[in-house]
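A.B. asks: First the structure, then my questions, so here it is.
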Amino acid sequence: MQREGAMAEVRVSLLDRLKSTIAWSWTYLWALWFVMVLFLIYILRAPLRINENVNTVAMFLNTLTPKFYVALTGTSSLISGLILIFEWWYFRKYGTSFIEQVSVNHLGPLLGGVESSSSTGSILNGSPETEGSRQSSVPECKVWRNPLNLFRGAEYNRYTWVTGREPLTYYDMNLSAQDHQTFFTCDSDGLRPADATMQKAWRERNPQARIKTAHQALELNNECAPAYILLAEEEATTIVEAERLFRLALKAGEACSRRSQQLQHHSTQQEAQHRRDTNVLVYIKRRIAMCARKLGRTREAVKIMRDQLMKEFPLPNVLNIHENLLEALLELQAYADVQAVLAKYDDISLPKSATICYTAALLKARSVCDKFSPEVASKRGLSTAEMNAVEAIHRAVEFNPHVPKYLLETKSLILPPEHILKRGDSEAVAYAFFHLQHWRRVEGALNLLHCTWEGTFRMIPYPLEKGHLFYPYPSCTESADRELLPSFHEVSVYPKKELPFFILFTAGLCSFTAMLALLTHQFPDLMGVFAKAFFGTLFAPFNFMVEKIEGFLPSSLWHHLTRI
């Protein structure tokens, strides 16, 4: 039995080797056919009267007048111009070259070759899902607070100590100062010395001056929660120290919130104070959860976000706490919980973000990416699950096209800024900084992203004028990102769709033939001489080869072959 099995394996291996040899021979068989055709033409040159026909053609070309060359070049220029106009119209309407599409979709399969990128092209002509967020006008570029912003003292300053570079721009820090004054101050702070001191601290530009003023506020009132927040953010050099200060701030903030809650309906000032105390309390709990996440206590962070923030304070969505929760759940690989959060926040009426779009794409890619192969998909087509995953990736890339460069590590990451511009490079940096590890953890996800993400730009040839699933891409993102990101970082811009090769080729051909027509019309005799010299030089190697073949083979070869 073992011998029979071995013989069967040998037969299979010989059969495979024979198949590979035949495939290899067919790959290079065209060269053999070309040589055989040339040899046959040479043998049959006398019966076919090839020499006489060549001499007749040469005599015909010698008798041509310059008017013929004028007509020829003019006609060629007109035809190439018509082709250029048609190609440009087709490109404007469908976003691709007609000649290129015909050659890839129709001639390619006939010749047995299919591009690997065609695995994603099958969904281009499909009808994608419509988004309720599609709008007719381009919205203004609004800057958002980064939900996952780092700690200045424990992370941003540490980067500055090591590299000597400033990771935050003045514009970004100025926006943070405005946020702090909005969240942590109110009109009635002047009645309390510690809160009045903190108003001064938030307006200070110098970090050391802010820290010194926060200590002064604590001397006036050791239950001043905003002062603990400032020290935890900027003075603490480690996450452990920042968490300790936030715990003190939580204790003080809860006491202030209880007092203001009892008096909130007495006057408008008391209501504003209670709103400020609520903002302080939400901010503190969120930062404590982020400290727990950074220290490896991910389940504790998820519990804080779910039970103490999203349930107790469902309305304050300005901090986008659900994005912190999504990142923590991905770290726990709790994909069912991630899907439940997405089902709640990936809604038509809510603003989208890179975290929502790319997390949804990751979940759909997770079910198919481990077995995905571009070669196999190009032959059999995309399955329903693969189609859904590719469409989700296209949706995410259309929302923010800068993220794949960071996820695929073709562009280096930097520390994320404290503010981001949705659909901009700053949002892409912030997302990839925290979510790259989650994409790496899912086997094959980055490969699927690499094979499919560029197909989005074929679907949207003019993204600044008309979107596909979202409103047109804002044209103001580049200038805003340059203000948010440091100067040593090269800002990523929306990849402009390049003109297809055939449009450039027809444009060059049209220009060249038009120039020849003009020169032939102005200098007919000179262009006639030039044309004869050009064609004579072009056919000189062929004539030389024919003479060598005639000298090598006997002249009576055809006579001997007929006798045989």
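Every chain in the structure tokens takes a letter, A first, then B, and so on in the order presented; its residues are numbered from 1, and the ligands are numbered from 1 following the presented order.
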Output as a ChimeraX atom specification all residues of region 370-514 of chain A that backbone DSSP marks as helix (DSSP H, G or I).

C.D. replies: /A:370-371,374-380,384-399,403-407,425-441,445-459,477-484,501-514

A.B. asks: Check the smallest atom-to-atom distance from each of A:Met59, A:Cys186, A:Val442, A:Leu263 to Val280 (chain A) using only C-alpha atoms, then report the winner.

C.D. replies: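 Nearest to Val280 (chain A): A:Cys186.
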
A.B. asks: Neighbours of His394 (chain A) within 8 Å (only C-alpha atoms; same-chain residues fewer than 4 positions away dropped), as a list of chain:residue names?

C.D. replies: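 Final neighbour list, sorted by chain and number: A:Val390, A:Glu398, A:Thr452, A:Trp453, A:Gly455, A:Thr456.
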